[in-house]
Amino acid sequence: MINGSQAHRRFLAALCFVLIFAGCSRDPNVRKADFVHKGDEYFHKAKYPEALISYAQALQIDPRYVPAYYQTAQCQIRLGNYPSAFQALTRTVELQPDHWAAQLDLGRLYLGSGNAGEAKKKADLIIQGDPKNVDARLLLSNAEAALGEHKEALGAAQEAITMAPQRADVYTNLGIQQGRAGSAAEAEASLQKAHSVDGNSLEPLLALGKLYEQQKRWTDAQKQYQTAMSVAPKSVVPRAAMASLYVMQGQLDLAEKTLRDEKAQLPDDPAAYRMLGDFYISRNEPEKAIAEFQELKKSHPADLRVKKTLAQLFISANRSAEAMAEVEEILKSSPKDGD
């Protein structure tokens with residue numbers, strides 16, 4: 001039987017626990033970490049708009065919180081919003097210059113935008129601070145190749161293999177550099193080596209497909225992309241490569257079917273569901289593109305890029321009233337949107 005003194009002590013202990021828990025819940029460090037954790041859960045489910053909201057809530061608590069900036073950039077990269085990703089990564093490295101993952105992503109964005117010189121600077125910066133960073137060597141190799149420094153690019157590729165001979169991507173990179181240098185047989189051997197190191201790696205298969213495309217070995221290229229689709233059934237890249245292959249061969253109906261199937265099979269991946277509309281744009285079929293992006297707007301109302309593309313299509317079609325309606329709708333939800 002519990003006496004009054006025992007009951008009183010238990011009550012006080014419970015009260016202390018409640019007060020401590022409540023204090024933690026109000027602790028800004030705990031709250032911002034919780035928002036990032038929640039954002040990460042959305043991120044891993046490919047729910048990028050929802051993840052961005054959670055990261056923004058963390059930054060409202062602490063505008064200098066590096067993990068929230070970095071994860072914001074990862075979302076924006078996957079959504080294809082590269083200017084926003086660049087902005088978030090730049091803020092990340094301003095706050096933490098030795099955040100090598102962010103520096104690496106910045107270098108990749110520079111390279112992807114055609115600024116190989118800045119990409120090389122980022123690679124050199126990372127290597128200076130982290131000499132064993134293999135990914136920085138790969139970035140350096142690709143930047144040098146883009147600058148026409150093929151001998152140096154091959155040297156950096158070989159250094160990456162020396163540092164990480166167990167990784168498939170280092171052989172893939174070497175094969176790509178060899179292909180750029182005109183050594184097709186050596187490139188094929190390196191890419192096959194990459195595939196033997198990791199049979200589940202997507203990149204060697206795609207690179208082999210591209211190599212075969214350059215040689216007009218269409219059947220061999222198609223086999224590589226089919227294998228890539230079986231290896232990575234949730235990736236848009238091999239399907240896009242297959243569609244591109246069909247376009248090269250003038251088989252537009254098969255290209256369109258591939259992209260339509262991709263949209264159906266990967267309905268929550270922005271890169272997948274936008275690709276058919278982008279295909280119509282590339283084929284100069286504005287009415288089909290408008291219809292496609294109008295459909296996407298209904299099924300993905302939070303995707304700002306869909307709305308922006310639709311607005312631009314209306315502008316190009318001289319449908320200014322509809323374009324203005326789209327722009328006003330975007331600004332209601334994102335009033336500081338620079339685009």
# chains A, B, ... in the order shown; residues from 1 in each chain; ligands from 1

call {"tool": "residues_around", "arguments": {"residues": "A:Ile61", "least_positions_apart": "6", "cutoff": "9 Å", "atoms": "only C-alpha atoms", "output": "list of chain:residue names"}}
result
A:Pro28, A:Asn29, A:Arg31, A:Lys32

call {"tool": "residues_around", "arguments": {"residues": "stretch 175-188 of chain A", "least_positions_apart": "3", "cutoff": "9 Å", "atoms": "only C-alpha atoms", "output": "list in words"}}
result
Ser141, Asn142, Ala145, His150, Lys151, Ala153, Leu154, Ala157, Val170, Tyr171, Thr172, Leu191, Gln192, Lys193, Ala194, Pro204, Ala207, Leu208, Leu211, Tyr212 and Gln215 of chain A

call {"tool": "closest_residue", "arguments": {"among": "A:Leu109, A:Met163, A:Ile126, A:Leu313", "to": "A:Asn81", "atoms": "only C-alpha atoms"}}
result
A:Leu109

call {"tool": "select_by_dssp", "arguments": {"residues": "stretch 142-290 of chain A", "states": "alpha helix (DSSP H)", "output": "MDAnalysis selection string"}}
result
chainID A and resid 142:146 150:163 168:180 184:197 202:214 218:231 237:248 252:265 270:273 275:282 286:290

call {"tool": "residues_around", "arguments": {"residues": "stretch 328-330 of chain A", "least_positions_apart": "5", "cutoff": "8 Å", "atoms": "only C-alpha atoms", "output": "list of chain:residue names"}}
result
A:Leu304, A:Lys307, A:Lys308, A:Pro335

call {"tool": "residues_around", "arguments": {"residues": "A:Ala46", "least_positions_apart": "4", "cutoff": "8 Å", "atoms": "only C-alpha atoms", "output": "compact mmCIF listing (two decimals) with C-alpha atoms, in the first residue's frame"}}
result
# COMPACT_ATOMS: atom_id res chain seq x y z
CA TYR A 42 10.10 12.94 -46.41
CA ASP A 268 5.96 10.51 -57.89
CA ASP A 269 9.36 11.27 -59.41

call {"tool": "residues_around", "arguments": {"residues": "A:Pro267", "least_positions_apart": "5", "cutoff": "12 Å", "atoms": "only C-alpha atoms", "output": "list in words"}}
result
Ala46, Lys47, Lys234, Ser235, Val236, Leu259, Arg260, Asp261, Glu262, Ala272, Tyr273, Arg274, Met275, Leu296, Ser299 and His300 of chain A

call {"tool": "closest_residue", "arguments": {"among": "A:Glu159, A:Glu285, A:Asp27, A:Glu295", "to": "A:Leu140", "atoms": "only C-alpha atoms"}}
result
A:Glu159

call {"tool": "decode", "arguments": {"residues": "stretch 194-206 of chain A", "atoms": "all heavy atoms", "output": "PDB file, in the first residue's frame"}}
result
ATOM      1  N   ALA A 194      34.331  -1.943 -64.939  1.00  0.00           N
ATOM      2  CA  ALA A 194      33.463  -1.305 -63.944  1.00  0.00           C
ATOM      3  C   ALA A 194      32.237  -2.160 -63.673  1.00  0.00           C
ATOM      4  O   ALA A 194      31.829  -2.346 -62.517  1.00  0.00           O
ATOM      5  CB  ALA A 194      33.044   0.083 -64.425  1.00  0.00           C
ATOM      6  N   HIS A 195      31.650  -2.702 -64.737  1.00  0.00           N
ATOM      7  CA  HIS A 195      30.458  -3.545 -64.574  1.00  0.00           C
ATOM      8  C   HIS A 195      30.800  -4.829 -63.829  1.00  0.00           C
ATOM      9  O   HIS A 195      29.996  -5.328 -63.024  1.00  0.00           O
ATOM     10  CB  HIS A 195      29.851  -3.859 -65.936  1.00  0.00           C
ATOM     11  CG  HIS A 195      28.588  -4.665 -65.870  1.00  0.00           C
ATOM     12  ND1 HIS A 195      27.471  -4.259 -65.174  1.00  0.00           N
ATOM     13  CD2 HIS A 195      28.271  -5.875 -66.403  1.00  0.00           C
ATOM     14  CE1 HIS A 195      26.513  -5.169 -65.283  1.00  0.00           C
ATOM     15  NE2 HIS A 195      26.982  -6.160 -66.015  1.00  0.00           N
ATOM     16  N   SER A 196      31.999  -5.364 -64.052  1.00  0.00           N
ATOM     17  CA  SER A 196      32.396  -6.590 -63.353  1.00  0.00           C
ATOM     18  C   SER A 196      32.643  -6.334 -61.865  1.00  0.00           C
ATOM     19  O   SER A 196      32.412  -7.206 -61.032  1.00  0.00           O
ATOM     20  CB  SER A 196      33.651  -7.192 -63.992  1.00  0.00           C
ATOM     21  OG  SER A 196      34.790  -6.375 -63.751  1.00  0.00           O
ATOM     22  N   VAL A 197      33.117  -5.121 -61.540  1.00  0.00           N
ATOM     23  CA  VAL A 197      33.346  -4.764 -60.140  1.00  0.00           C
ATOM     24  C   VAL A 197      32.024  -4.644 -59.398  1.00  0.00           C
ATOM     25  O   VAL A 197      31.895  -5.067 -58.241  1.00  0.00           O
ATOM     26  CB  VAL A 197      34.143  -3.443 -60.040  1.00  0.00           C
ATOM     27  CG1 VAL A 197      34.183  -2.928 -58.605  1.00  0.00           C
ATOM     28  CG2 VAL A 197      35.561  -3.653 -60.549  1.00  0.00           C
ATOM     29  N   ASP A 198      31.018  -4.075 -60.049  1.00  0.00           N
ATOM     30  CA  ASP A 198      29.700  -3.890 -59.424  1.00  0.00           C
ATOM     31  C   ASP A 198      28.618  -4.068 -60.476  1.00  0.00           C
ATOM     32  O   ASP A 198      28.327  -3.147 -61.242  1.00  0.00           O
ATOM     33  CB  ASP A 198      29.603  -2.512 -58.770  1.00  0.00           C
ATOM     34  CG  ASP A 198      28.292  -2.303 -58.027  1.00  0.00           C
ATOM     35  OD1 ASP A 198      27.444  -3.228 -58.026  1.00  0.00           O
ATOM     36  OD2 ASP A 198      28.095  -1.214 -57.457  1.00  0.00           O
ATOM     37  N   GLY A 199      28.039  -5.249 -60.502  1.00  0.00           N
ATOM     38  CA  GLY A 199      27.010  -5.551 -61.500  1.00  0.00           C
ATOM     39  C   GLY A 199      25.726  -4.788 -61.297  1.00  0.00           C
ATOM     40  O   GLY A 199      24.870  -4.776 -62.195  1.00  0.00           O
ATOM     41  N   ASN A 200      25.561  -4.173 -60.128  1.00  0.00           N
ATOM     42  CA  ASN A 200      24.351  -3.400 -59.863  1.00  0.00           C
ATOM     43  C   ASN A 200      24.551  -1.902 -60.053  1.00  0.00           C
ATOM     44  O   ASN A 200      23.663  -1.119 -59.730  1.00  0.00           O
ATOM     45  CB  ASN A 200      23.868  -3.659 -58.432  1.00  0.00           C
ATOM     46  CG  ASN A 200      23.372  -5.081 -58.255  1.00  0.00           C
ATOM     47  OD1 ASN A 200      22.686  -5.617 -59.118  1.00  0.00           O
ATOM     48  ND2 ASN A 200      23.730  -5.701 -57.140  1.00  0.00           N
ATOM     49  N   SER A 201      25.704  -1.519 -60.556  1.00  0.00           N
ATOM     50  CA  SER A 201      25.982  -0.098 -60.782  1.00  0.00           C
ATOM     51  C   SER A 201      25.395   0.329 -62.123  1.00  0.00           C
ATOM     52  O   SER A 201      25.596  -0.318 -63.156  1.00  0.00           O
ATOM     53  CB  SER A 201      27.490   0.157 -60.763  1.00  0.00           C
ATOM     54  OG  SER A 201      27.769   1.509 -61.019  1.00  0.00           O
ATOM     55  N   LEU A 202      24.682   1.429 -62.093  1.00  0.00           N
ATOM     56  CA  LEU A 202      23.988   1.930 -63.282  1.00  0.00           C
ATOM     57  C   LEU A 202      24.935   2.607 -64.266  1.00  0.00           C
ATOM     58  O   LEU A 202      24.802   2.458 -65.488  1.00  0.00           O
ATOM     59  CB  LEU A 202      22.904   2.909 -62.827  1.00  0.00           C
ATOM     60  CG  LEU A 202      21.896   3.415 -63.843  1.00  0.00           C
ATOM     61  CD1 LEU A 202      21.076   2.272 -64.409  1.00  0.00           C
ATOM     62  CD2 LEU A 202      20.984   4.445 -63.194  1.00  0.00           C
ATOM     63  N   GLU A 203      25.898   3.343 -63.751  1.00  0.00           N
ATOM     64  CA  GLU A 203      26.713   4.228 -64.595  1.00  0.00           C
ATOM     65  C   GLU A 203      27.515   3.505 -65.678  1.00  0.00           C
ATOM     66  O   GLU A 203      27.568   3.986 -66.818  1.00  0.00           O
ATOM     67  CB  GLU A 203      27.645   5.070 -63.709  1.00  0.00           C
ATOM     68  CG  GLU A 203      26.949   6.187 -62.952  1.00  0.00           C
ATOM     69  CD  GLU A 203      26.104   5.685 -61.794  1.00  0.00           C
ATOM     70  OE1 GLU A 203      26.334   4.524 -61.347  1.00  0.00           O
ATOM     71  OE2 GLU A 203      25.216   6.420 -61.346  1.00  0.00           O
ATOM     72  N   PRO A 204      28.163   2.355 -65.378  1.00  0.00           N
ATOM     73  CA  PRO A 204      28.909   1.693 -66.461  1.00  0.00           C
ATOM     74  C   PRO A 204      28.019   1.264 -67.619  1.00  0.00           C
ATOM     75  O   PRO A 204      28.416   1.360 -68.788  1.00  0.00           O
ATOM     76  CB  PRO A 204      29.529   0.471 -65.778  1.00  0.00           C
ATOM     77  CG  PRO A 204      29.471   0.741 -64.327  1.00  0.00           C
ATOM     78  CD  PRO A 204      28.321   1.671 -64.101  1.00  0.00           C
ATOM     79  N   LEU A 205      26.817   0.834 -67.302  1.00  0.00           N
ATOM     80  CA  LEU A 205      25.884   0.401 -68.336  1.00  0.00           C
ATOM     81  C   LEU A 205      25.484   1.574 -69.224  1.00  0.00           C
ATOM     82  O   LEU A 205      25.444   1.455 -70.459  1.00  0.00           O
ATOM     83  CB  LEU A 205      24.645  -0.230 -67.694  1.00  0.00           C
ATOM     84  CG  LEU A 205      24.898  -1.515 -66.892  1.00  0.00           C
ATOM     85  CD1 LEU A 205      23.682  -1.866 -66.051  1.00  0.00           C
ATOM     86  CD2 LEU A 205      25.255  -2.666 -67.821  1.00  0.00           C
ATOM     87  N   LEU A 206      25.197   2.703 -68.583  1.00  0.00           N
ATOM     88  CA  LEU A 206      24.805   3.889 -69.350  1.00  0.00           C
ATOM     89  C   LEU A 206      25.971   4.400 -70.196  1.00  0.00           C
ATOM     90  O   LEU A 206      25.781   4.781 -71.359  1.00  0.00           O
ATOM     91  CB  LEU A 206      24.329   4.987 -68.400  1.00  0.00           C
ATOM     92  CG  LEU A 206      23.063   4.674 -67.591  1.00  0.00           C
ATOM     93  CD1 LEU A 206      22.818   5.758 -66.549  1.00  0.00           C
ATOM     94  CD2 LEU A 206      21.856   4.540 -68.507  1.00  0.00           C
TER      95      LEU A 206
END
